[in-house]
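Here is protein_15.txt, consisting of compact mmCIF, C-alpha atoms:
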```txt
# COMPACT_ATOMS: atom_id res chain seq x y z
CA MET A 1 109.03 94.82 108.99
CA ASN A 2 105.31 94.06 108.73
CA SER A 3 102.29 96.33 109.23
CA LYS A 4 101.67 95.39 112.88
CA GLU A 5 105.35 95.91 113.79
CA ILE A 6 105.36 99.37 112.20
CA ILE A 7 102.11 100.40 113.92
CA SER A 8 103.45 99.15 117.28
CA LYS A 9 106.48 101.46 116.92
CA LEU A 10 104.39 104.58 116.33
CA PRO A 11 104.56 107.14 119.16
CA TYR A 12 100.75 107.34 119.39
CA SER A 13 97.92 105.51 121.13
CA LYS A 14 94.13 105.72 121.06
CA PRO A 15 92.44 108.15 120.81
CA PHE A 16 95.24 109.80 118.81
CA LEU A 17 96.34 106.80 116.74
CA PHE A 18 94.98 107.30 113.22
CA VAL A 19 96.31 104.18 111.48
CA ASP A 20 94.16 101.05 111.18
CA GLU A 21 96.12 99.19 108.52
CA ILE A 22 99.13 99.51 106.26
CA VAL A 23 98.14 98.02 102.90
CA SER A 24 101.55 98.29 101.26
CA ILE A 25 104.91 99.84 102.04
CA ASN A 26 108.34 99.98 100.41
CA GLU A 27 111.29 102.38 100.28
CA ASN A 28 109.38 104.73 97.93
CA GLY A 29 106.01 105.03 99.63
CA VAL A 30 103.17 103.70 101.71
CA GLU A 31 99.44 103.12 101.48
CA GLY A 32 97.27 102.78 104.57
CA ASN A 33 93.71 103.07 105.87
CA TYR A 34 91.83 104.65 108.71
CA THR A 35 88.11 104.70 109.58
CA PHE A 36 86.83 107.72 111.51
CA ASP A 37 84.90 106.75 114.63
CA ALA A 38 81.67 108.73 114.92
CA ALA A 39 82.10 108.70 118.72
CA SER A 40 85.32 110.78 118.52
CA ASP A 41 85.11 113.90 120.70
CA PHE A 42 85.98 116.32 117.89
CA TYR A 43 82.71 115.52 116.11
CA LYS A 44 80.65 116.85 119.04
CA GLY A 45 81.37 120.47 118.16
CA HIS A 46 82.58 120.44 114.55
CA PHE A 47 79.96 121.31 113.21
CA LYS A 48 76.89 121.31 115.49
CA ASP A 49 74.30 118.82 114.15
CA HIS A 50 76.36 118.27 110.94
CA PRO A 51 79.68 116.69 112.00
CA VAL A 52 82.64 116.97 109.63
CA THR A 53 86.19 115.79 110.27
CA PRO A 54 88.44 118.80 111.03
CA GLY A 55 91.20 119.55 108.52
CA VAL A 56 93.84 119.32 111.23
CA ILE A 57 92.74 115.71 111.90
CA LEU A 58 92.85 114.89 108.17
CA THR A 59 96.38 116.32 108.09
CA GLU A 60 97.33 114.22 111.13
CA VAL A 61 96.04 111.04 109.46
CA MET A 62 98.09 111.80 106.35
CA ALA A 63 101.15 112.57 108.48
CA GLN A 64 100.86 109.40 110.60
CA ILE A 65 100.36 107.06 107.64
CA GLY A 66 102.23 108.94 104.92
CA VAL A 67 105.28 110.16 106.79
CA VAL A 68 105.64 108.51 110.22
CA CYS A 69 104.83 104.93 109.12
CA LEU A 70 107.12 105.31 106.11
CA GLY A 71 109.83 106.85 108.30
CA VAL A 72 109.64 103.97 110.79
CA PHE A 73 109.95 101.54 107.89
CA LEU A 74 112.94 103.39 106.39
CA VAL A 75 114.94 103.64 109.64
CA ASN A 76 113.80 100.15 110.72
CA ASP A 77 115.82 99.17 113.80
CA ASN A 78 117.23 102.66 114.39
CA ILE A 79 114.01 103.81 116.08
CA ASN A 80 113.51 103.34 119.82
CA LYS A 81 111.62 104.76 122.82
CA ASN A 82 113.91 107.80 122.90
CA SER A 83 113.36 108.69 119.23
CA LEU A 84 111.39 111.86 118.59
CA ILE A 85 109.32 112.42 115.50
CA ALA A 86 108.38 115.99 114.60
CA LEU A 87 106.33 117.53 111.81
CA THR A 88 108.45 120.17 110.09
CA SER A 89 106.16 121.42 107.33
CA ASN A 90 102.97 120.74 105.46
CA GLU A 91 100.97 122.21 102.63
CA ILE A 92 97.56 120.59 102.28
CA GLU A 93 94.64 121.34 99.98
CA PHE A 94 91.22 120.21 101.19
CA LEU A 95 88.86 119.22 98.37
CA LYS A 96 85.90 117.35 99.91
CA PRO A 97 84.51 116.86 103.42
CA VAL A 98 85.10 113.64 105.36
CA TYR A 99 82.26 112.50 107.62
CA PRO A 100 82.01 110.25 110.71
CA ASN A 101 82.37 106.51 109.99
CA GLU A 102 84.10 107.14 106.65
CA LYS A 103 87.04 104.95 105.72
CA VAL A 104 89.88 106.78 103.99
CA THR A 105 93.02 105.61 102.26
CA VAL A 106 96.26 107.59 102.38
CA ILE A 107 98.75 107.16 99.55
CA SER A 108 102.19 108.64 100.07
CA GLU A 109 105.17 108.90 97.72
CA LYS A 110 108.62 109.75 99.07
CA ILE A 111 110.07 112.94 97.62
CA TYR A 112 113.30 112.62 99.61
CA PHE A 113 114.75 111.17 102.79
CA ARG A 114 118.07 112.67 103.88
CA PHE A 115 119.72 113.82 107.10
CA GLY A 116 116.80 112.40 109.08
CA LYS A 117 114.20 114.46 107.20
CA LEU A 118 111.47 112.75 105.18
CA LYS A 119 109.31 114.70 102.74
CA CYS A 120 106.37 113.07 100.96
CA LYS A 121 103.65 113.83 98.46
CA VAL A 122 100.41 112.61 100.05
CA LYS A 123 96.80 112.22 99.07
CA MET A 124 93.71 110.92 100.82
CA ILE A 125 90.85 109.21 99.01
CA ASN A 126 87.49 108.11 100.37
CA ALA A 127 85.82 104.71 99.91
CA SER A 128 84.28 105.92 96.63
CA GLY A 129 87.77 106.62 95.24
CA ILE A 130 87.30 110.39 95.38
CA GLU A 131 90.32 112.45 96.42
CA VAL A 132 89.41 114.48 99.52
CA CYS A 133 92.75 116.21 100.17
CA ASN A 134 96.36 116.24 98.99
CA GLY A 135 99.66 118.01 99.45
CA THR A 136 103.14 117.61 100.89
CA ILE A 137 104.20 116.79 104.43
CA ALA A 138 107.70 116.67 105.90
CA GLY A 139 108.96 115.46 109.25
CA MET A 140 112.17 114.65 111.10
CA LEU A 141 113.38 111.79 113.21
CA VAL A 142 115.59 112.99 116.06
```
In structure tokens, write the structure found in this file.
Amino acid sequence: MNSKEIISKLPYSKPFLFVDEIVSINENGVEGNYTFDAASDFYKGHFKDHPVTPGVILTEVMAQIGVVCLGVFLVNDNINKNSLIALTSNEIEFLKPVYPNEKVTVISEKIYFRFGKLKCKVKMINASGIEVCNGTIAGMLV
């Protein structure tokens, strides 16, 4: 399954699709990119005159690339329109701010995938190679 096929199977669309590209993917992990659009509504009020990407959005980007894209790849043809994907847990540490128009890379390593639950160690780095957040995220395919 290639990058475009995986992205087409994600249960998201703009403006809530936070995956631009999958750089690499295999049964042990995934690496992908996303560039934050300065016109996104959440920048209008977070923070006034000094926009910063909210932590919940950074978490969502890591979840979409690091868990959902990898999960779609792992279950391959067993995913369909009736499949539900749910976040079950996350523990994220935020290290640096991410600003509008920044491109980030998410790198995810599978910790385990069993009984429909996928847990991954994830990190996000900016274009300068600086780690901006990291942690663990788990989700289920129902």
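Atom CA of Ala138 of chain A to atom CA of Lys103 of chain A spans 23.8 Å [interatomic distance, one decimal].
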Tell me which protein, DNA and RNA residues are within 9 Å of Asn90 of chain A, counting all atoms listed in the file, leaving out same-chain ones fewer than 6 positions away, and put them as an mmCIF file with C-alpha atoms, in the frame of the given file.
```
data_model
loop_
_atom_site.group_PDB
_atom_site.id
_atom_site.type_symbol
_atom_site.label_atom_id
_atom_site.label_comp_id
_atom_site.auth_asym_id
_atom_site.auth_seq_id
_atom_site.Cartn_x
_atom_site.Cartn_y
_atom_site.Cartn_z
ATOM 1 C CA THR A 59 96.380 116.320 108.090
ATOM 2 C CA ALA A 63 101.150 112.570 108.480
ATOM 3 C CA GLY A 135 99.660 118.010 99.450
ATOM 4 C CA THR A 136 103.140 117.610 100.890
ATOM 5 C CA ILE A 137 104.200 116.790 104.430
ATOM 6 C CA ALA A 138 107.700 116.670 105.900
ATOM 7 C CA GLY A 139 108.960 115.460 109.250
#
```
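When atom CA of Pro11 of chain A is paired with atom CA of Val30 of chain A, their separation reads 17.8 Å.
Of the residues listed (A:Asn78, A:Pro100, A:Val67, A:Ile111), A:Pro100 shows the shortest atom-to-atom separation from Ala39 of chain A; distances use only C-alpha atoms.
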With all atoms listed in the file as the basis for distance, which of A:Ile79, A:Val61, A:Leu87, A:Val52 is at the shortest distance from Leu17 of chain A?
-> A:Val61
Determine the nearest neighbour of Thr88 of chain A from the options A:Val106, A:Leu10, A:Ala127, A:Leu141, counting only C-alpha atoms.
-> A:Leu141
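We find atom CA of Val75 of chain A and atom CA of Ile22 of chain A to be spaced 16.7 Å apart.
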Find the residues near segment 33-36 of chain A: any atom within 12 Å, counting all atoms listed in the file, skip ones fewer than 3 places away on the same chain, and give them as number ranges by chain.
-> A: 3, 7, 15-24, 30, 39-43, 51-54, 57-58, 60-62, 64-66, 69, 98-108, 123-127
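If all atoms listed in the file are the atoms counted, then among A:Lys4, A:Lys117, A:Lys110, A:His46 the closest residue to Pro97 of chain A is A:His46.
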Once all heavy atoms are restored for segment 36-47 of chain A, what would the output be as a PDB file, in the frame of the given file?
```
ATOM      1  N   PHE A  36      87.141 106.732 110.477  1.00  0.00           N
ATOM      2  CA  PHE A  36      86.830 107.720 111.510  1.00  0.00           C
ATOM      3  C   PHE A  36      85.673 107.243 112.369  1.00  0.00           C
ATOM      4  O   PHE A  36      84.600 106.949 111.864  1.00  0.00           O
ATOM      5  CB  PHE A  36      86.500 109.068 110.869  1.00  0.00           C
ATOM      6  CG  PHE A  36      87.700 109.723 110.263  1.00  0.00           C
ATOM      7  CD1 PHE A  36      87.973 109.584 108.915  1.00  0.00           C
ATOM      8  CD2 PHE A  36      88.571 110.453 111.051  1.00  0.00           C
ATOM      9  CE1 PHE A  36      89.095 110.172 108.355  1.00  0.00           C
ATOM     10  CE2 PHE A  36      89.688 111.035 110.501  1.00  0.00           C
ATOM     11  CZ  PHE A  36      89.955 110.895 109.148  1.00  0.00           C
ATOM     12  N   ASP A  37      85.897 107.183 113.661  1.00  0.00           N
ATOM     13  CA  ASP A  37      84.900 106.750 114.630  1.00  0.00           C
ATOM     14  C   ASP A  37      83.946 107.906 114.934  1.00  0.00           C
ATOM     15  O   ASP A  37      84.375 108.972 115.389  1.00  0.00           O
ATOM     16  CB  ASP A  37      85.604 106.290 115.904  1.00  0.00           C
ATOM     17  CG  ASP A  37      84.674 105.728 116.957  1.00  0.00           C
ATOM     18  OD1 ASP A  37      83.438 105.859 116.822  1.00  0.00           O
ATOM     19  OD2 ASP A  37      85.187 105.161 117.929  1.00  0.00           O
ATOM     20  N   ALA A  38      82.677 107.688 114.689  1.00  0.00           N
ATOM     21  CA  ALA A  38      81.670 108.730 114.920  1.00  0.00           C
ATOM     22  C   ALA A  38      81.612 109.178 116.380  1.00  0.00           C
ATOM     23  O   ALA A  38      81.139 110.272 116.675  1.00  0.00           O
ATOM     24  CB  ALA A  38      80.295 108.244 114.476  1.00  0.00           C
ATOM     25  N   ALA A  39      82.115 108.354 117.298  1.00  0.00           N
ATOM     26  CA  ALA A  39      82.100 108.700 118.720  1.00  0.00           C
ATOM     27  C   ALA A  39      83.277 109.606 119.126  1.00  0.00           C
ATOM     28  O   ALA A  39      83.353 110.026 120.282  1.00  0.00           O
ATOM     29  CB  ALA A  39      82.122 107.432 119.567  1.00  0.00           C
ATOM     30  N   SER A  40      84.170 109.928 118.203  1.00  0.00           N
ATOM     31  CA  SER A  40      85.320 110.780 118.520  1.00  0.00           C
ATOM     32  C   SER A  40      84.845 112.139 119.022  1.00  0.00           C
ATOM     33  O   SER A  40      83.903 112.727 118.485  1.00  0.00           O
ATOM     34  CB  SER A  40      86.201 110.969 117.291  1.00  0.00           C
ATOM     35  OG  SER A  40      86.758 109.743 116.892  1.00  0.00           O
ATOM     36  N   ASP A  41      85.513 112.644 120.061  1.00  0.00           N
ATOM     37  CA  ASP A  41      85.110 113.900 120.700  1.00  0.00           C
ATOM     38  C   ASP A  41      85.054 115.085 119.733  1.00  0.00           C
ATOM     39  O   ASP A  41      84.201 115.953 119.883  1.00  0.00           O
ATOM     40  CB  ASP A  41      86.052 114.240 121.850  1.00  0.00           C
ATOM     41  CG  ASP A  41      85.691 113.512 123.122  1.00  0.00           C
ATOM     42  OD1 ASP A  41      84.569 112.968 123.204  1.00  0.00           O
ATOM     43  OD2 ASP A  41      86.517 113.491 124.044  1.00  0.00           O
ATOM     44  N   PHE A  42      85.949 115.138 118.753  1.00  0.00           N
ATOM     45  CA  PHE A  42      85.980 116.320 117.890  1.00  0.00           C
ATOM     46  C   PHE A  42      84.719 116.474 117.048  1.00  0.00           C
ATOM     47  O   PHE A  42      84.412 117.567 116.582  1.00  0.00           O
ATOM     48  CB  PHE A  42      87.235 116.362 117.007  1.00  0.00           C
ATOM     49  CG  PHE A  42      87.496 115.125 116.199  1.00  0.00           C
ATOM     50  CD1 PHE A  42      86.819 114.875 115.012  1.00  0.00           C
ATOM     51  CD2 PHE A  42      88.462 114.215 116.621  1.00  0.00           C
ATOM     52  CE1 PHE A  42      87.078 113.748 114.253  1.00  0.00           C
ATOM     53  CE2 PHE A  42      88.736 113.079 115.869  1.00  0.00           C
ATOM     54  CZ  PHE A  42      88.034 112.846 114.690  1.00  0.00           C
ATOM     55  N   TYR A  43      83.953 115.405 116.870  1.00  0.00           N
ATOM     56  CA  TYR A  43      82.710 115.520 116.110  1.00  0.00           C
ATOM     57  C   TYR A  43      81.592 116.221 116.897  1.00  0.00           C
ATOM     58  O   TYR A  43      80.644 116.721 116.304  1.00  0.00           O
ATOM     59  CB  TYR A  43      82.207 114.145 115.656  1.00  0.00           C
ATOM     60  CG  TYR A  43      83.000 113.552 114.525  1.00  0.00           C
ATOM     61  CD1 TYR A  43      83.578 112.294 114.642  1.00  0.00           C
ATOM     62  CD2 TYR A  43      83.172 114.234 113.337  1.00  0.00           C
ATOM     63  CE1 TYR A  43      84.305 111.743 113.614  1.00  0.00           C
ATOM     64  CE2 TYR A  43      83.904 113.690 112.286  1.00  0.00           C
ATOM     65  CZ  TYR A  43      84.468 112.441 112.428  1.00  0.00           C
ATOM     66  OH  TYR A  43      85.190 111.896 111.396  1.00  0.00           O
ATOM     67  N   LYS A  44      81.710 116.261 118.214  1.00  0.00           N
ATOM     68  CA  LYS A  44      80.650 116.850 119.040  1.00  0.00           C
ATOM     69  C   LYS A  44      80.460 118.342 118.783  1.00  0.00           C
ATOM     70  O   LYS A  44      79.369 118.863 118.946  1.00  0.00           O
ATOM     71  CB  LYS A  44      80.944 116.609 120.526  1.00  0.00           C
ATOM     72  CG  LYS A  44      80.852 115.158 120.901  1.00  0.00           C
ATOM     73  CD  LYS A  44      81.244 114.930 122.347  1.00  0.00           C
ATOM     74  CE  LYS A  44      81.254 113.446 122.665  1.00  0.00           C
ATOM     75  NZ  LYS A  44      81.826 113.168 123.974  1.00  0.00           N
ATOM     76  N   GLY A  45      81.496 119.030 118.367  1.00  0.00           N
ATOM     77  CA  GLY A  45      81.370 120.470 118.160  1.00  0.00           C
ATOM     78  C   GLY A  45      81.796 120.949 116.785  1.00  0.00           C
ATOM     79  O   GLY A  45      81.868 122.145 116.543  1.00  0.00           O
ATOM     80  N   HIS A  46      82.057 120.055 115.869  1.00  0.00           N
ATOM     81  CA  HIS A  46      82.580 120.440 114.550  1.00  0.00           C
ATOM     82  C   HIS A  46      81.802 119.720 113.454  1.00  0.00           C
ATOM     83  O   HIS A  46      82.194 118.643 113.036  1.00  0.00           O
ATOM     84  CB  HIS A  46      84.059 120.076 114.453  1.00  0.00           C
ATOM     85  CG  HIS A  46      84.759 120.674 113.277  1.00  0.00           C
ATOM     86  ND1 HIS A  46      84.911 120.017 112.085  1.00  0.00           N
ATOM     87  CD2 HIS A  46      85.362 121.868 113.124  1.00  0.00           C
ATOM     88  CE1 HIS A  46      85.595 120.775 111.235  1.00  0.00           C
ATOM     89  NE2 HIS A  46      85.879 121.904 111.855  1.00  0.00           N
ATOM     90  N   PHE A  47      80.817 120.175 112.991  1.00  0.00           N
ATOM     91  CA  PHE A  47      79.960 121.310 113.210  1.00  0.00           C
ATOM     92  C   PHE A  47      78.692 120.825 113.906  1.00  0.00           C
ATOM     93  O   PHE A  47      78.267 119.700 113.670  1.00  0.00           O
ATOM     94  CB  PHE A  47      79.605 121.979 111.885  1.00  0.00           C
ATOM     95  CG  PHE A  47      80.768 122.667 111.249  1.00  0.00           C
ATOM     96  CD1 PHE A  47      81.576 122.011 110.346  1.00  0.00           C
ATOM     97  CD2 PHE A  47      81.068 123.975 111.577  1.00  0.00           C
ATOM     98  CE1 PHE A  47      82.647 122.653 109.763  1.00  0.00           C
ATOM     99  CE2 PHE A  47      82.140 124.628 110.981  1.00  0.00           C
ATOM    100  CZ  PHE A  47      82.939 123.964 110.073  1.00  0.00           C
TER     101      PHE A  47
END
```
